[in-house]
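File shown: work34.csv (CSV, C-alpha atoms).
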chain,number,residue,atom,x,y,z
A,23,MET,CA,151.6,90.1,28.4
A,24,VAL,CA,153.1,91.5,31.7
A,25,SER,CA,154.6,95.0,31.7
A,26,THR,CA,156.8,96.6,34.3
A,27,LEU,CA,155.8,99.7,36.3
A,28,GLY,CA,158.6,101.7,37.9
A,29,VAL,CA,157.6,102.6,41.5
A,30,ALA,CA,159.2,104.8,44.2
A,31,VAL,CA,158.6,105.2,47.9
A,32,VAL,CA,158.7,108.6,49.6
A,33,GLY,CA,159.3,108.4,53.3
A,34,PHE,CA,160.8,105.2,54.7
A,35,GLY,CA,159.5,104.7,58.2
A,36,TRP,CA,157.4,101.7,59.1
A,37,MET,CA,154.7,102.5,56.6
A,38,GLY,CA,157.2,102.9,53.8
A,39,ARG,CA,158.5,99.4,54.6
A,40,VAL,CA,154.9,98.1,54.5
A,41,HIS,CA,154.3,99.5,51.1
A,42,THR,CA,157.6,98.2,49.8
A,43,GLN,CA,156.9,94.7,51.0
A,44,ALA,CA,153.4,94.9,49.5
A,45,TYR,CA,154.9,95.6,46.1
A,46,GLN,CA,157.2,92.7,46.4
A,47,ARG,CA,154.4,90.3,47.3
A,48,ILE,CA,152.2,91.2,44.4
A,49,PRO,CA,153.4,88.5,41.9
A,50,HIS,CA,152.9,85.8,44.6
A,51,HIS,CA,149.3,86.7,45.5
A,52,PHE,CA,148.0,88.2,42.3
A,53,PRO,CA,149.9,86.6,39.4
A,54,GLN,CA,147.1,87.5,37.0
A,55,LEU,CA,147.8,91.2,37.3
A,56,PRO,CA,149.3,92.3,33.9
A,57,VAL,CA,151.8,94.7,35.6
A,58,ARG,CA,154.7,94.1,37.9
A,59,PRO,CA,156.2,96.8,40.2
A,60,GLU,CA,159.9,97.5,39.9
A,61,LEU,CA,161.5,99.3,42.9
A,62,ILE,CA,163.3,102.3,41.3
A,63,ALA,CA,163.9,104.8,44.0
A,64,VAL,CA,163.4,105.6,47.7
A,65,ALA,CA,163.4,109.1,49.3
A,66,GLU,CA,164.0,109.6,53.0
A,67,GLU,CA,165.5,112.7,54.6
A,68,VAL,CA,166.8,110.9,57.7
A,69,PRO,CA,170.5,110.2,56.9
A,70,GLY,CA,171.3,106.6,56.1
A,71,ARG,CA,167.7,105.4,56.1
A,72,ALA,CA,167.2,105.4,52.3
A,73,GLU,CA,170.5,103.6,51.8
A,74,GLU,CA,169.5,101.0,54.3
A,75,ALA,CA,166.2,100.5,52.5
A,76,ALA,CA,167.9,100.1,49.2
A,77,ALA,CA,170.3,97.5,50.6
A,78,ARG,CA,167.5,95.6,52.2
A,79,PHE,CA,164.8,95.7,49.5
A,80,GLY,CA,166.7,96.4,46.3
A,81,PHE,CA,165.8,99.9,45.3
A,82,ALA,CA,167.9,101.0,42.3
A,83,SER,CA,168.6,104.5,43.7
A,84,THR,CA,168.2,106.7,46.8
A,85,THR,CA,167.8,110.3,47.6
A,86,ARG,CA,167.1,112.6,50.5
A,87,ASP,CA,165.0,115.0,48.3
A,88,TRP,CA,161.6,113.7,47.1
A,89,ARG,CA,161.6,116.3,44.3
A,90,GLU,CA,164.2,114.2,42.6
A,91,ILE,CA,161.7,111.4,42.3
A,92,ALA,CA,159.1,113.8,40.8
A,93,ALA,CA,161.7,114.5,38.1
A,94,ASP,CA,162.8,110.9,37.5
A,95,PRO,CA,161.4,109.6,34.2
A,96,ARG,CA,162.0,106.0,35.4
A,97,VAL,CA,159.3,106.4,38.1
A,98,GLN,CA,155.7,106.0,37.0
A,99,ALA,CA,154.0,105.5,40.3
A,100,VAL,CA,154.8,106.7,43.8
A,101,SER,CA,153.9,105.6,47.4
A,102,ILE,CA,153.6,108.6,49.6
A,103,THR,CA,154.3,107.5,53.2
A,104,ALA,CA,156.0,110.7,54.5
A,105,PRO,CA,154.5,112.6,57.5
A,106,ASN,CA,151.0,114.0,57.1
A,107,PHE,CA,152.0,117.6,56.7
A,108,LEU,CA,153.9,116.7,53.6
A,109,HIS,CA,151.1,114.8,51.8
A,110,ARG,CA,149.6,117.8,50.0
A,111,ASP,CA,152.9,119.1,48.5
A,112,ILE,CA,154.2,115.7,47.6
A,113,GLY,CA,150.9,114.5,46.3
A,114,VAL,CA,150.2,117.5,44.1
A,115,ALA,CA,153.8,117.5,42.8
A,116,MET,CA,153.8,113.8,41.9
A,117,ALA,CA,150.4,114.1,40.1
A,118,GLU,CA,151.5,117.1,38.2
A,119,ALA,CA,154.6,115.1,37.2
A,120,GLY,CA,152.3,112.5,35.7
A,121,LYS,CA,152.9,109.9,38.3
A,122,HIS,CA,150.2,107.6,39.8
A,123,ILE,CA,150.0,107.9,43.6
A,124,TRP,CA,149.3,105.5,46.4
A,125,ILE,CA,149.1,107.9,49.4
A,126,GLU,CA,148.5,107.2,53.1
A,127,LYS,CA,145.7,108.8,55.0
A,128,PRO,CA,145.0,111.5,55.9
A,129,VAL,CA,145.7,113.1,52.5
A,130,GLY,CA,147.1,116.3,54.1
A,131,LEU,CA,145.8,118.0,57.2
A,132,THR,CA,142.5,119.4,55.9
A,133,ALA,CA,139.8,118.7,53.3
A,134,ALA,CA,141.3,121.5,51.2
A,135,ASP,CA,144.6,119.5,51.2
A,136,ALA,CA,142.9,116.3,50.1
A,137,ARG,CA,140.9,118.2,47.5
A,138,ALA,CA,144.0,119.8,46.1
A,139,VAL,CA,145.6,116.3,45.6
A,140,SER,CA,142.5,114.9,44.1
A,141,GLU,CA,142.0,117.7,41.7
A,142,ALA,CA,145.7,117.6,40.6
A,143,ALA,CA,145.4,113.8,40.0
A,144,ALA,CA,142.2,114.3,38.0
A,145,LYS,CA,143.7,117.1,35.9
A,146,ALA,CA,146.8,115.0,35.2
A,147,GLY,CA,144.8,111.9,34.4
A,148,VAL,CA,146.7,109.8,37.0
A,149,ARG,CA,145.2,107.2,39.4
A,150,GLY,CA,145.2,107.7,43.1
A,151,THR,CA,144.7,105.1,45.8
A,152,VAL,CA,144.4,105.9,49.6
A,153,GLY,CA,145.5,103.9,52.6
A,154,PHE,CA,142.1,103.1,54.1
A,155,ASN,CA,143.3,99.5,54.6
A,156,TYR,CA,140.6,98.2,57.0
A,157,ARG,CA,138.0,98.2,54.3
A,158,ASN,CA,140.1,95.6,52.6
A,159,ALA,CA,139.5,92.9,55.3
A,160,PRO,CA,137.5,90.1,53.7
A,161,ALA,CA,135.1,90.2,56.7
A,162,VAL,CA,134.4,93.8,56.0
A,163,ALA,CA,133.7,93.1,52.4
A,164,TYR,CA,131.3,90.4,53.4
A,165,ALA,CA,129.6,92.7,55.8
A,166,ARG,CA,129.1,95.2,53.1
A,167,GLU,CA,127.5,92.5,50.9
A,168,LEU,CA,125.1,91.5,53.6
A,169,ILE,CA,124.1,95.1,54.2
A,170,ALA,CA,123.6,95.8,50.5
A,171,SER,CA,121.6,92.6,49.9
A,172,GLY,CA,119.0,93.6,52.5
A,173,GLU,CA,119.8,90.6,54.7
A,174,LEU,CA,119.7,92.9,57.8
A,175,GLY,CA,116.6,94.7,56.7
A,176,THR,CA,116.8,98.5,56.8
A,177,VAL,CA,120.0,99.6,58.6
A,178,THR,CA,119.1,101.6,61.6
A,179,HIS,CA,122.4,102.4,63.3
A,180,VAL,CA,126.1,101.7,63.5
A,181,ARG,CA,128.8,102.0,66.1
A,182,VAL,CA,132.4,102.4,64.9
A,183,ARG,CA,135.3,102.3,67.4
A,184,LEU,CA,139.0,102.9,67.0
A,185,LEU,CA,140.6,102.7,70.4
A,186,SER,CA,144.4,102.5,70.9
A,187,ASP,CA,147.1,103.1,73.5
A,188,TYR,CA,150.0,104.2,71.2
A,189,ALA,CA,150.0,107.7,72.8
A,190,ALA,CA,148.9,106.7,76.3
A,191,HIS,CA,152.4,106.8,77.9
A,192,PRO,CA,153.0,110.3,79.4
A,193,ASP,CA,156.6,110.1,78.3
A,194,GLY,CA,155.7,109.7,74.7
A,195,ALA,CA,157.9,112.2,72.7
A,196,LEU,CA,156.4,115.4,71.5
A,197,THR,CA,156.9,114.6,67.8
A,198,TRP,CA,155.2,116.3,64.8
A,199,ARG,CA,152.2,114.1,65.4
A,200,TYR,CA,151.2,116.3,68.4
A,201,GLU,CA,151.6,119.7,66.5
A,202,ARG,CA,148.6,121.3,64.8
A,203,ALA,CA,150.7,122.6,61.9
A,204,ARG,CA,152.3,119.2,61.1
A,205,GLY,CA,150.0,116.6,62.7
A,206,GLY,CA,146.7,118.2,61.9
A,207,GLY,CA,143.8,117.0,64.1
A,208,GLY,CA,145.8,114.3,66.0
A,209,VAL,CA,143.6,111.2,66.6
A,210,LEU,CA,141.1,112.6,64.0
A,211,GLY,CA,143.6,112.1,61.1
A,212,ASP,CA,145.3,109.0,62.7
A,213,LEU,CA,142.2,106.9,63.5
A,214,ALA,CA,138.9,108.7,63.0
A,215,SER,CA,139.7,109.0,59.3
A,216,HIS,CA,139.6,105.2,59.1
A,217,GLY,CA,136.3,105.2,61.1
A,218,VAL,CA,134.7,107.7,58.7
A,219,ASP,CA,135.8,105.6,55.7
A,220,LEU,CA,134.5,102.4,57.2
A,221,ALA,CA,131.2,104.0,58.0
A,222,ARG,CA,130.8,105.4,54.5
A,223,PHE,CA,132.0,102.1,52.9
A,224,LEU,CA,129.3,100.2,54.8
A,225,LEU,CA,126.4,102.6,55.0
A,226,GLY,CA,126.9,105.4,52.4
A,227,ASP,CA,127.3,109.1,52.7
A,228,ILE,CA,127.3,111.0,56.0
A,229,THR,CA,125.1,114.1,55.9
A,230,ALA,CA,125.6,115.7,59.3
A,231,LEU,CA,127.5,115.2,62.6
A,232,THR,CA,128.1,116.6,66.0
A,233,ALA,CA,131.3,115.9,67.9
A,234,ASP,CA,133.2,116.4,71.2
A,235,THR,CA,137.0,116.2,71.5
A,236,ALA,CA,139.6,116.3,74.3
A,237,VAL,CA,143.3,116.4,75.0
A,238,PHE,CA,144.0,114.2,78.1
A,239,ILE,CA,147.8,114.5,78.1
A,240,PRO,CA,148.4,118.2,77.6
A,241,GLU,CA,152.2,118.3,77.7
A,242,ARG,CA,155.0,116.1,76.5
A,243,ALA,CA,158.8,116.2,76.3
A,244,ARG,CA,160.5,117.2,73.1
A,245,PRO,CA,162.8,114.6,71.5
A,246,THR,CA,166.5,115.2,71.5
A,247,GLY,CA,167.2,113.3,68.2
A,248,ALA,CA,165.5,111.7,65.2
A,249,THR,CA,162.4,109.7,66.1
A,250,ALA,CA,160.5,106.9,64.4
A,251,GLY,CA,157.1,105.5,65.4
A,252,HIS,CA,155.9,106.4,68.9
A,253,THR,CA,159.3,107.0,70.7
A,254,LEU,CA,159.5,107.7,74.5
A,255,ALA,CA,161.4,110.8,75.6
A,256,THR,CA,162.4,112.0,79.1
A,257,GLY,CA,164.5,115.0,80.0
A,258,GLY,CA,163.7,117.1,76.9
A,259,GLU,CA,162.1,120.5,77.0
A,260,PRO,CA,158.4,120.2,77.7
A,261,GLY,CA,155.9,121.5,75.2
A,262,PRO,CA,152.1,121.6,74.7
A,263,VAL,CA,150.1,118.9,72.9
A,264,GLU,CA,148.2,120.9,70.3
A,265,ASN,CA,145.8,118.4,68.8
A,266,GLU,CA,143.2,115.9,69.9
A,267,ASP,CA,143.7,112.7,71.9
A,268,TYR,CA,140.1,111.7,71.7
A,269,VAL,CA,136.9,112.3,69.7
A,270,SER,CA,133.4,111.0,70.0
A,271,CYS,CA,130.8,111.8,67.3
A,272,LEU,CA,127.2,111.3,66.4
A,273,LEU,CA,126.5,110.7,62.7
A,274,ARG,CA,123.5,111.0,60.4
A,275,PHE,CA,123.5,109.2,57.1
A,276,ALA,CA,121.7,110.0,53.8
A,277,SER,CA,119.9,106.7,54.2
A,278,GLY,CA,118.3,107.8,57.5
A,279,ALA,CA,120.6,105.6,59.6
A,280,ARG,CA,122.3,106.9,62.7
A,281,GLY,CA,125.8,106.3,63.9
A,282,VAL,CA,128.3,106.7,66.7
A,283,LEU,CA,132.0,107.0,66.1
A,284,GLU,CA,134.6,107.0,68.9
A,285,ALA,CA,138.4,107.2,68.5
A,286,SER,CA,141.2,107.5,71.1
A,287,ARG,CA,145.0,107.3,71.0
A,288,VAL,CA,145.4,107.3,74.8
A,289,SER,CA,143.2,104.4,75.9
A,290,VAL,CA,145.2,102.4,78.4
A,291,GLY,CA,144.5,98.7,78.0
A,292,GLU,CA,143.4,99.0,74.4
A,293,GLN,CA,145.6,97.8,71.6
A,294,ASN,CA,144.1,98.3,68.1
A,295,ASN,CA,140.6,97.8,69.4
A,296,TYR,CA,139.0,98.7,66.1
A,297,GLY,CA,135.6,97.5,64.8
A,298,PHE,CA,132.0,98.1,64.2
A,299,GLU,CA,128.5,96.9,64.9
A,300,VAL,CA,125.8,97.5,62.3
A,301,HIS,CA,122.2,96.9,63.2
A,302,GLY,CA,119.2,96.7,60.9
A,303,THR,CA,115.5,96.0,61.3
A,304,ARG,CA,116.0,92.2,60.9
A,305,GLY,CA,119.7,91.6,61.8
A,306,ALA,CA,123.2,92.7,62.6
A,307,VAL,CA,126.8,92.3,61.7
A,308,LEU,CA,129.7,92.7,64.1
A,309,TRP,CA,133.4,92.9,63.4
A,310,ASP,CA,136.5,93.2,65.6
A,311,TYR,CA,139.8,93.9,63.8
A,312,ARG,CA,141.7,91.8,66.4
A,313,ARG,CA,139.7,88.8,65.2
A,314,MET,CA,140.0,89.9,61.6
A,315,GLY,CA,138.8,86.7,59.9
A,316,GLU,CA,135.5,86.5,61.9
A,317,LEU,CA,132.2,88.2,61.3
A,318,GLY,CA,129.4,88.1,63.8
A,319,VAL,CA,126.1,87.7,61.9
A,320,SER,CA,122.6,87.8,63.2
A,321,ARG,CA,119.8,87.3,60.7
A,322,GLY,CA,116.3,85.7,60.5
A,323,THR,CA,112.8,86.6,61.6
A,324,SER,CA,113.0,86.2,65.4
A,325,TYR,CA,113.8,89.9,66.2
A,326,GLN,CA,113.9,89.2,69.9
A,327,ASP,CA,116.5,86.8,71.3
A,328,GLN,CA,117.9,86.2,67.8
A,329,PRO,CA,121.2,84.5,68.0
A,330,VAL,CA,124.5,85.7,66.6
A,331,SER,CA,126.6,83.2,64.6
A,332,THR,CA,130.3,83.5,64.0
A,333,VAL,CA,131.2,83.2,60.3
A,334,PHE,CA,134.8,82.4,59.5
A,335,VAL,CA,135.6,84.2,56.2
A,336,GLY,CA,137.1,82.2,53.3
A,337,PRO,CA,137.4,82.1,49.5
A,338,GLY,CA,134.6,84.1,48.1
A,339,HIS,CA,134.9,86.8,50.7
A,340,GLY,CA,136.8,89.9,49.3
A,341,GLU,CA,140.3,88.9,48.2
A,342,TYR,CA,140.7,86.1,50.7
A,343,ALA,CA,141.4,83.5,48.1
A,344,ALA,CA,144.6,85.3,47.0
A,345,PHE,CA,146.1,84.4,50.4
A,346,GLN,CA,144.5,81.2,51.8
A,347,PRO,CA,142.8,78.2,50.3
A,348,GLY,CA,140.3,77.5,53.0
A,349,ALA,CA,138.2,79.4,55.6
A,350,ALA,CA,139.5,80.3,59.1
A,351,ASN,CA,143.1,80.5,58.0
A,352,ALA,CA,144.4,83.8,59.5
A,353,MET,CA,145.3,86.9,57.6
A,354,GLY,CA,147.2,89.9,59.0
A,355,TYR,CA,147.6,93.7,58.7
A,356,ASP,CA,150.3,93.5,56.0
A,357,ASP,CA,148.0,91.3,53.8
A,358,LEU,CA,145.5,94.2,53.8
A,359,LYS,CA,148.2,96.5,52.4
A,360,VAL,CA,149.0,93.9,49.7
A,361,ILE,CA,145.3,94.1,48.7
A,362,GLU,CA,145.6,97.8,48.6
A,363,ALA,CA,148.7,97.6,46.4
A,364,TYR,CA,146.8,95.3,44.1
A,365,ASN,CA,143.9,97.7,43.8
A,366,PHE,CA,146.4,100.5,43.1
A,367,LEU,CA,148.3,98.6,40.4
A,368,ARG,CA,145.1,97.3,38.9
A,369,SER,CA,143.7,100.8,38.7
A,370,VAL,CA,146.8,101.9,36.8
A,371,ALA,CA,146.7,98.9,34.5
A,372,GLU,CA,143.0,99.1,33.6
A,373,GLY,CA,142.4,102.9,33.9
A,374,THR,CA,139.5,102.2,36.3
A,375,ALA,CA,139.3,103.0,40.0
A,376,TYR,CA,139.5,100.1,42.4
A,377,GLY,CA,139.6,100.3,46.2
A,378,ALA,CA,139.7,103.5,48.2
A,379,THR,CA,140.2,106.6,46.0
A,380,LEU,CA,141.2,110.2,46.5
A,381,GLU,CA,137.5,111.1,46.4
A,382,ASP,CA,137.0,108.9,49.4
A,383,ALA,CA,139.8,110.8,51.1
A,384,VAL,CA,138.1,114.1,50.4
A,385,HIS,CA,134.9,112.8,51.9
A,386,SER,CA,136.7,111.6,55.0
A,387,ALA,CA,138.7,114.8,55.4
A,388,ALA,CA,135.5,116.9,55.1
A,389,ALA,CA,134.0,114.9,58.0
A,390,LEU,CA,137.1,115.4,60.1
A,391,ASP,CA,136.9,119.2,59.4
A,392,ALA,CA,133.3,119.1,60.4
A,393,MET,CA,134.1,117.3,63.7
A,394,SER,CA,136.7,120.0,64.6
A,395,ARG,CA,134.1,122.7,63.9
A,396,SER,CA,131.4,121.0,65.8
A,397,ALA,CA,133.6,120.5,68.8
A,398,VAL,CA,134.3,124.2,68.9
A,399,GLN,CA,130.8,125.4,68.1
A,400,GLY,CA,128.9,122.8,70.1
A,401,THR,CA,126.5,122.3,67.3
A,402,TRP,CA,125.5,119.9,64.5
A,403,VAL,CA,127.4,120.5,61.3
A,404,SER,CA,126.1,119.6,57.8
A,405,LEU,CA,128.3,118.0,55.3
A,406,GLY,CA,126.2,119.2,52.4
Show me, as structure tokens, the structure contained in the file I just sent.
Amino acid sequence: MVSTLGVAVVGFGWMGRVHTQAYQRIPHHFPQLPVRPELIAVAEEVPGRAEEAAARFGFASTTRDWREIAADPRVQAVSITAPNFLHRDIGVAMAEAGKHIWIEKPVGLTAADARAVSEAAAKAGVRGTVGFNYRNAPAVAYARELIASGELGTVTHVRVRLLSDYAAHPDGALTWRYERARGGGGVLGDLASHGVDLARFLLGDITALTADTAVFIPERARPTGATAGHTLATGGEPGPVENEDYVSCLLRFASGARGVLEASRVSVGEQNNYGFEVHGTRGAVLWDYRRMGELGVSRGTSYQDQPVSTVFVGPGHGEYAAFQPGAANAMGYDDLKVIEAYNFLRSVAEGTAYGATLEDAVHSAAALDAMSRSAVQGTWVSLG
């Protein structure tokens, strides 16, 4: 028997639309799921945006105040896609109101913020799923299987990269993303949070790290009106960029493996250059998000001059079969969010955690805090 779950979306920029479309696609890709999302309400403070979302996607009601959603008995689950600095307040309030939460990373600006949301959800007995979408790629799931099976031998080291140009233009508007109080650690929360999650997902817990950070575009023009995404602005009053454009980090894992993580939001010539290379004593796996359905695999007993084969993922790898019937058919970013929505709704339906959890968000945020401390102190920092 299929039941209905009333859902709401708080914050309707690009990510709010992605979440909404993911909910709508659930019956098509995961018909076996015993719960169906119903779009009840959307909250967005920018005038007219919520109404536009309702007209386009069919939300039953709109509001400019997310607190109305917390008080709405029709809503049982909430997507939190508002700006980062609002995540703690909204996340805690929704959990305390007894609503399951699907929240985008980073869950707040600090590990304390993420922990507050996680503890509120645990106390209320609600489920929490976090937007670490890259772990949902079938090739990443397959890489994890190969590592766990011992196919690569003992993992020795990993390199994780997240290089982008979304903030490379010097005329990029000085939005909340560049303010410490509202945007947190800049590229640390935007991209390095994904890198930490991928590293932990593949290799296990990180025990210590040392990091270096930099701001390469120290000043930007303030926008003169409402902004969305990464808007350009000229002629506005200049102001300082308060958080990081770049981070590089050395990692130590509980397993004894070592790692390198690098993230940049100002890399000219790089568009979503995300990926990893994991090396073991007998093999390696290599993944590039821009070729999401391919995994480079080297395994055998040659050690030296051992070739790398390209594996095209297909049914049997992660949730690929829910989207395509045969290997090498392409999947895209939005498909990863559909998988995330599925994990969220399945967690609610079955009362068991699937996919990235709030506890994963706490671990990621703790690593980001450690990176910030390390960059200031110039030392290794233990994650305990």
Notebook entry, point to check: In terms of the shortest atom-to-atom distance over only C-alpha atoms, which of A:Phe79, A:Val31, A:Pro128, A:Thr42 is closest to Val64 in chain A?
Noted result: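 Of A:Phe79, A:Val31, A:Pro128, A:Thr42, the one nearest Val64 in chain A, counting only C-alpha atoms, is A:Val31.
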Quick one: of A:His385, A:Arg166, A:Arg78, A:Arg274, who's nearest to Ala233 in chain A, counting only C-alpha atoms?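 Result for the nearest residue to Ala233 in chain A: A:Arg274.
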Shortest contact to Val403 in chain A, candidates A:Ala230, A:Ala389, A:Val335, A:Ala276, atoms counted only C-alpha atoms, goes to A:Ala230
Anything within 9 Å of (136.3, 113.6, 68.6): list those residues as a list in words, counting all atoms listed in the file and sticking to the file's coordinates.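 Neighbouring residues, ordered by chain and number, come to Val209, Leu210, Ala214, Ala233, Asp234, Thr235, Ala236, Glu266, Asp267, Tyr268, Val269, Ser270, Cys271, Leu283, Glu284, Ala285, Ser286, Leu390, Met393, Ser394 and Ala397 of chain A.
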message = Rounded to one decimal, what separation in Å do you get between CA of Val182 in chain A and CA of Val218 in chain A?
response =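 Result for CA of Val182 in chain A versus CA of Val218 in chain A: 8.5 Å, one decimal.
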**Report entry** Exercise: Leu61 in chain A partners within 10 Å, all atoms listed in the file, chain neighbours under 6 positions left out, as a list of chain:residue names
**Finding:**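 Returned residues: A:Leu27, A:Gly28, A:Val29, A:Ala30, A:Val31, A:Thr42, A:Tyr45, A:Gln46, A:Ala76, A:Phe79, A:Gly80, A:Phe81, A:Ala82, A:Ser83, A:Val97.
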Tell me which residues come within 8 Å of (163.0, 115.9, 54.6), as an MDAnalysis selection string, counting all atoms listed in the file in the file's coordinates. chainID A and resid 66:68 86:88
Among listed residues A:Ile228, A:Ala99, A:Ala343, A:Leu196, nearest Gly258 in chain A (using all atoms listed in the file):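 Closest candidate: A:Leu196.
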Practice prompt. May I have the residues within 9 Å of Ala170 in chain A as a PyMOL selection string, using all atoms listed in the file and disregarding those fewer than 4 positions away in the same chain?
Written response: chain A and resi 165-166+174+224-225
- Tell me, in Å to one decimal, how far CA of Val114 in chain A is from CA of Val139 in chain A.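 Computing it gives 5.0 Å between the two atoms.
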- range 184-190 of chain A environment, 8 Å, all atoms listed in the file, sequence neighbours closer than 2 positions dropped, as JSON, numbers by chain: {"A": [182, 192, 194, 213, 214, 217, 252, 284, 285, 286, 287, 288, 289, 290, 291, 292, 293, 294, 295, 296, 297]}
Can you write out the residues you just picked, keeping C-alpha atoms, as an mmCIF file, keeping the file's coordinate frame?
data_model
loop_
_atom_site.group_PDB
_atom_site.id
_atom_site.type_symbol
_atom_site.label_atom_id
_atom_site.label_comp_id
_atom_site.auth_asym_id
_atom_site.auth_seq_id
_atom_site.Cartn_x
_atom_site.Cartn_y
_atom_site.Cartn_z
ATOM 1 C CA VAL A 182 132.400 102.400 64.900
ATOM 2 C CA PRO A 192 153.000 110.300 79.400
ATOM 3 C CA GLY A 194 155.700 109.700 74.700
ATOM 4 C CA LEU A 213 142.200 106.900 63.500
ATOM 5 C CA ALA A 214 138.900 108.700 63.000
ATOM 6 C CA GLY A 217 136.300 105.200 61.100
ATOM 7 C CA HIS A 252 155.900 106.400 68.900
ATOM 8 C CA GLU A 284 134.600 107.000 68.900
ATOM 9 C CA ALA A 285 138.400 107.200 68.500
ATOM 10 C CA SER A 286 141.200 107.500 71.100
ATOM 11 C CA ARG A 287 145.000 107.300 71.000
ATOM 12 C CA VAL A 288 145.400 107.300 74.800
ATOM 13 C CA SER A 289 143.200 104.400 75.900
ATOM 14 C CA VAL A 290 145.200 102.400 78.400
ATOM 15 C CA GLY A 291 144.500 98.700 78.000
ATOM 16 C CA GLU A 292 143.400 99.000 74.400
ATOM 17 C CA GLN A 293 145.600 97.800 71.600
ATOM 18 C CA ASN A 294 144.100 98.300 68.100
ATOM 19 C CA ASN A 295 140.600 97.800 69.400
ATOM 20 C CA TYR A 296 139.000 98.700 66.100
ATOM 21 C CA GLY A 297 135.600 97.500 64.800
#
Restricting to only C-alpha atoms, whichever of A:Arg157, A:Arg204, A:Arg137, A:Arg181 is closest to Asn106 in chain A is A:Arg204
Skip Met353 in chain A itself and residues of its chain fewer than 5 positions away, then list as a VMD selection string all residues within 12 Å of it, counting all atoms listed in the file. chain A and resid 158 to 161 311 to 316 334 to 336 341 to 348 358 to 361
To one decimal in Å, tell me the separation between CA of Thr176 in chain A and CA of Val307 in chain A.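 A separation of 12.7 Å between them.
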Just want the 7 Å neighbourhood of Val57 in chain A, counted on only C-alpha atoms, with same-chain residues fewer than 3 positions away dropped. Output as number ranges by chain. A: 24-27, 371
- Query: Between A:Glu362, A:Asp391, A:Glu173, A:Glu90, which is the closest to Arg47 in chain A once you count all atoms listed in the file?
  - Reply: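 Of A:Glu362, A:Asp391, A:Glu173, A:Glu90, the one nearest Arg47 in chain A, counting all atoms listed in the file, is A:Glu362.
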